[in-house]
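Dumped upload_29.tsv below, it's TSV, C-alpha atoms:
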```tsv
chain	number	residue	atom	x	y	z
L	1	MET	CA	16.95	10.82	-15.63
L	2	ASN	CA	20.51	10.26	-14.64
L	3	SER	CA	23.61	11.20	-16.62
L	4	PHE	CA	23.28	8.01	-18.68
L	5	GLY	CA	19.78	8.96	-19.84
L	6	LEU	CA	18.15	6.28	-17.68
L	7	LEU	CA	15.41	6.70	-15.12
L	8	SER	CA	16.63	6.61	-11.56
L	9	PRO	CA	15.16	3.84	-9.39
L	10	ILE	CA	12.92	6.40	-7.67
L	11	SER	CA	11.74	7.80	-11.02
L	12	GLN	CA	11.10	4.25	-12.21
L	13	MET	CA	9.08	3.60	-9.04
L	14	ASP	CA	7.13	6.80	-9.67
L	15	THR	CA	6.45	5.74	-13.27
L	16	ASN	CA	5.31	2.25	-12.28
L	17	CYS	CA	3.23	3.54	-9.37
L	18	LYS	CA	1.58	6.12	-11.59
L	19	ALA	CA	0.72	3.47	-14.18
L	20	PHE	CA	-0.68	1.20	-11.49
L	21	ILE	CA	-2.67	4.02	-9.89
L	22	GLU	CA	-4.16	5.04	-13.23
L	23	SER	CA	-4.96	1.47	-14.29
L	24	HIS	CA	-6.81	0.85	-11.01
L	25	GLY	CA	-8.69	4.15	-10.87
L	26	LEU	CA	-6.95	5.30	-7.69
L	27	GLN	CA	-6.26	8.85	-8.92
L	28	ASP	CA	-8.73	10.47	-6.50
L	29	GLU	CA	-7.19	8.75	-3.51
L	30	TYR	CA	-3.65	9.55	-4.60
L	31	LYS	CA	-3.76	12.92	-6.34
L	32	ASN	CA	-3.10	15.12	-3.30
L	33	PHE	CA	-0.14	13.19	-1.98
L	34	SER	CA	3.55	12.93	-2.67
L	35	VAL	CA	5.92	10.40	-1.19
L	36	LYS	CA	7.40	12.96	1.17
L	37	GLN	CA	4.11	14.48	2.40
L	38	ASN	CA	2.39	13.55	5.62
L	39	THR	CA	2.78	10.42	7.64
L	40	LEU	CA	1.53	7.14	6.29
L	41	LYS	CA	-1.35	7.04	8.77
L	42	SER	CA	-2.57	10.53	7.86
L	43	ARG	CA	-2.36	9.65	4.17
L	44	VAL	CA	-4.39	6.51	4.76
L	45	LYS	CA	-6.95	8.50	6.75
L	46	ASN	CA	-7.43	10.76	3.74
L	47	LEU	CA	-8.30	7.99	1.30
L	48	SER	CA	-11.60	9.04	-0.17
L	49	HIS	CA	-14.81	7.88	1.46
L	50	PRO	CA	-18.22	9.56	1.28
L	51	ASN	CA	-18.22	10.43	4.98
L	52	ASN	CA	-15.99	10.24	8.05
L	53	ALA	CA	-16.45	6.51	8.66
L	54	TRP	CA	-13.07	5.58	7.16
L	55	ARG	CA	-11.27	8.43	8.90
L	56	ASN	CA	-12.78	7.46	12.26
L	57	PHE	CA	-11.91	3.81	11.71
L	58	VAL	CA	-8.26	4.66	11.02
L	59	ASP	CA	-8.17	7.01	14.04
L	60	ASP	CA	-9.80	4.54	16.41
L	61	SER	CA	-7.91	1.40	15.40
L	62	ASP	CA	-4.39	0.21	14.71
L	63	VAL	CA	-5.26	-0.89	11.19
L	64	VAL	CA	-2.33	0.96	9.56
L	65	GLU	CA	0.17	-0.35	12.08
L	66	ASN	CA	-1.24	-3.89	11.80
L	67	VAL	CA	-1.12	-4.00	7.99
L	68	CYS	CA	2.35	-2.44	7.91
L	69	GLY	CA	3.52	-4.97	10.50
L	70	TYR	CA	2.36	-7.85	8.28
L	71	LEU	CA	4.04	-6.26	5.29
L	72	ASP	CA	7.30	-5.90	7.22
L	73	GLU	CA	7.02	-9.59	8.18
L	74	CYS	CA	6.53	-10.69	4.57
L	75	TYR	CA	9.22	-8.39	3.11
L	76	ASP	CA	11.72	-11.24	2.71
L	77	CYS	CA	9.05	-13.42	1.03
L	78	LEU	CA	8.32	-10.62	-1.43
L	79	LEU	CA	12.02	-10.21	-2.12
L	80	GLU	CA	12.47	-13.96	-2.67
L	81	GLU	CA	9.44	-14.13	-4.97
L	82	THR	CA	10.73	-11.57	-7.45
L	83	SER	CA	12.64	-12.67	-10.50
L	84	ASN	CA	14.66	-9.45	-10.47
L	85	ARG	CA	15.92	-8.94	-6.93
L	86	LYS	CA	18.00	-5.92	-7.85
L	87	LEU	CA	15.02	-4.13	-9.46
L	88	PHE	CA	12.86	-4.94	-6.42
L	89	GLU	CA	15.48	-3.51	-4.08
L	90	GLN	CA	15.75	-0.37	-6.21
L	91	MET	CA	12.02	0.18	-6.67
L	92	ILE	CA	10.57	-0.92	-3.34
L	93	GLY	CA	13.68	-0.33	-1.30
L	94	PRO	CA	14.58	-1.58	2.14
L	95	LYS	CA	12.09	-1.67	5.00
L	96	GLY	CA	11.48	1.82	6.35
L	97	SER	CA	12.46	3.61	3.13
L	98	GLN	CA	10.15	6.09	1.43
L	99	ASN	CA	9.58	3.65	-1.43
L	100	TRP	CA	8.63	0.92	1.06
L	101	LYS	CA	6.17	3.31	2.76
L	102	GLU	CA	4.72	4.14	-0.65
L	103	PHE	CA	4.26	0.44	-1.36
L	104	GLN	CA	2.56	0.02	2.04
L	105	PHE	CA	0.20	2.87	1.16
L	106	LEU	CA	-0.69	1.20	-2.14
L	107	VAL	CA	-1.39	-2.10	-0.38
L	108	ILE	CA	-3.67	-0.43	2.18
L	109	SER	CA	-5.44	1.46	-0.63
L	110	GLU	CA	-6.02	-1.78	-2.50
L	111	LEU	CA	-7.27	-3.53	0.66
L	112	LYS	CA	-9.70	-0.69	1.33
L	113	ASN	CA	-10.95	-0.51	-2.25
L	114	SER	CA	-11.55	-4.26	-2.38
L	115	GLY	CA	-13.58	-4.24	0.87
L	116	CYS	CA	-11.09	-6.22	2.95
L	117	PHE	CA	-11.82	-4.28	6.14
L	118	ASN	CA	-15.26	-5.93	6.36
L	119	GLN	CA	-17.14	-2.94	5.14
L	120	LEU	CA	-20.69	-4.01	5.94
L	121	GLU	CA	-23.80	-3.50	3.84
L	122	ASN	CA	-24.07	-0.09	5.45
L	123	LYS	CA	-20.79	0.86	3.67
L	124	ASP	CA	-20.07	3.22	6.57
L	125	ILE	CA	-18.90	0.66	9.10
L	126	PHE	CA	-15.47	-0.94	9.01
L	127	ASP	CA	-14.96	-3.67	11.58
L	128	ASP	CA	-11.76	-5.54	10.78
L	129	ASP	CA	-8.56	-3.81	11.85
L	130	PHE	CA	-6.42	-6.82	10.85
L	131	ARG	CA	-5.31	-7.26	14.46
L	132	ASP	CA	-5.85	-11.03	14.64
L	133	SER	CA	-3.71	-13.02	12.23
L	134	ALA	CA	-5.65	-16.19	13.14
L	135	SER	CA	-8.41	-14.93	10.84
L	136	GLY	CA	-6.03	-15.04	7.88
L	137	CYS	CA	-5.59	-11.30	7.47
L	138	ASP	CA	-1.81	-11.64	7.26
L	139	GLU	CA	-2.26	-13.91	4.23
L	140	VAL	CA	-4.70	-11.42	2.69
L	141	VAL	CA	-2.12	-8.63	3.09
L	142	GLN	CA	0.61	-10.81	1.61
L	143	ASP	CA	-1.59	-11.82	-1.35
L	144	VAL	CA	-2.41	-8.18	-2.14
L	145	ALA	CA	1.27	-7.25	-1.81
L	146	PHE	CA	2.25	-10.01	-4.26
L	147	LYS	CA	-0.46	-8.93	-6.69
L	148	LEU	CA	0.66	-5.30	-6.59
L	149	MET	CA	4.31	-6.21	-6.87
L	150	LYS	CA	3.69	-8.36	-9.93
L	151	LYS	CA	1.73	-5.56	-11.60
L	152	MET	CA	4.46	-3.04	-10.82
L	153	PHE	CA	7.15	-5.22	-12.36
L	154	LEU	CA	5.29	-6.04	-15.59
```

Using the file provided, produce a representation of the structure as structure tokens.
Amino acid sequence: MNSFGLLSPISQMDTNCKAFIESHGLQDEYKNFSVKQNTLKSRVKNLSHPNNAWRNFVDDSDVVENVCGYLDECYDCLLEETSNRKLFEQMIGPKGSQNWKEFQFLVISELKNSGCFNQLENKDIFDDDFRDSASGCDEVVQDVAFKLMKKMFL
């Protein structure tokens, strides 16, 4: 809280992120991380999966970079879509900020949990690194980002 008894933008982001994480059952994926720990890629690698398939996929592909690139490209669309631009700027921050990286992590988590990386019947093979935007993966990333943003601002 600041001197006026209000939550700071970062505290508000933490509160909204925590509520989102709890409402979507992402506690296991998130519990060992803080915004300032590790790089985004190493955090993504550590999202829970029964074996090393996810970790190997993240290591062997540019999936994190590709998804983050699409998110950076749609940043202005996200900003325009919000009804409270000032709150968005405070909570999600500018591109490259810790809050923006946290939002990117949440988007990747949601993509993984919803099977967007073409997790096959085997459940141990991921084959879509979101490299080719012709397949519509940029729209998928943007849709998930919009969905998360709307839930965070409710």

Residues within 9 Å of (0.4, -0.4, 0.9), file coordinates, counting all atoms listed in the file: what are they? Give the list as number ranges by chain. L: 67-68, 71, 100-111, 141, 144-145, 148

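Between Lys45 in chain L and the candidates L:Lys112, L:Gln90, L:Ser135, L:Phe153, the tightest atom-to-atom separation, counting all atoms listed in the file, involves L:Lys112.
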
Set the distance at 10 Å and use all atoms listed in the file: which residues neighbour Tyr75 in chain L once local chain neighbours fewer than 3 positions away are removed? I'd like the list as a VMD selection string. chain L and resid 69 to 72 78 to 81 92 94 to 95 100 142 145

Atom pair CA of Ser48 in chain L / CA of Asn66 in chain L: separation (Å):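 Taking CA of Ser48 in chain L and CA of Asn66 in chain L, their separation equals 20.4 Å.
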
Can you measure CA of Arg131 in chain L to CA of Asp76 in chain L for me? One decimal in Å is fine.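 About the pair CA of Arg131 in chain L and CA of Asp76 in chain L: they are 21.1 Å apart.
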
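Distance annotation: of L:Arg55, L:Asp62, L:Thr82, L:Val44, the residue with the minimal separation from Lys150 in chain L is L:Thr82; atom set is only C-alpha atoms.
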
Which residue gives the smallest distance to Phe146 in chain L among L:Cys77, L:Gly96, L:Arg85, L:Asp132, with all atoms listed in the file counted?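 Among L:Cys77, L:Gly96, L:Arg85, L:Asp132, it is L:Cys77 that comes nearest to Phe146 in chain L.
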
Grab the CA of Val64 in chain L to CA of Lys41 in chain L distance for me, in Å with one decimal place.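 Interatomic distance here is 6.2 Å.
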
I need the residue nearest Phe88 in chain L from this list: L:Asn46, L:Glu73, L:Thr39, L:Met152. Use only C-alpha atoms for the distance. L:Met152

Around range 86-105 of chain L, fit a box with edges along x, y and z, padding it by 4 Å on each side, then list its centre and edge lengths in Å to one decimal as AutoDock Vina command-line options.
```
--center_x 9.1 --center_y 0.1 --center_z -1.6 --size_x 25.8 --size_y 20.0 --size_z 23.8
```
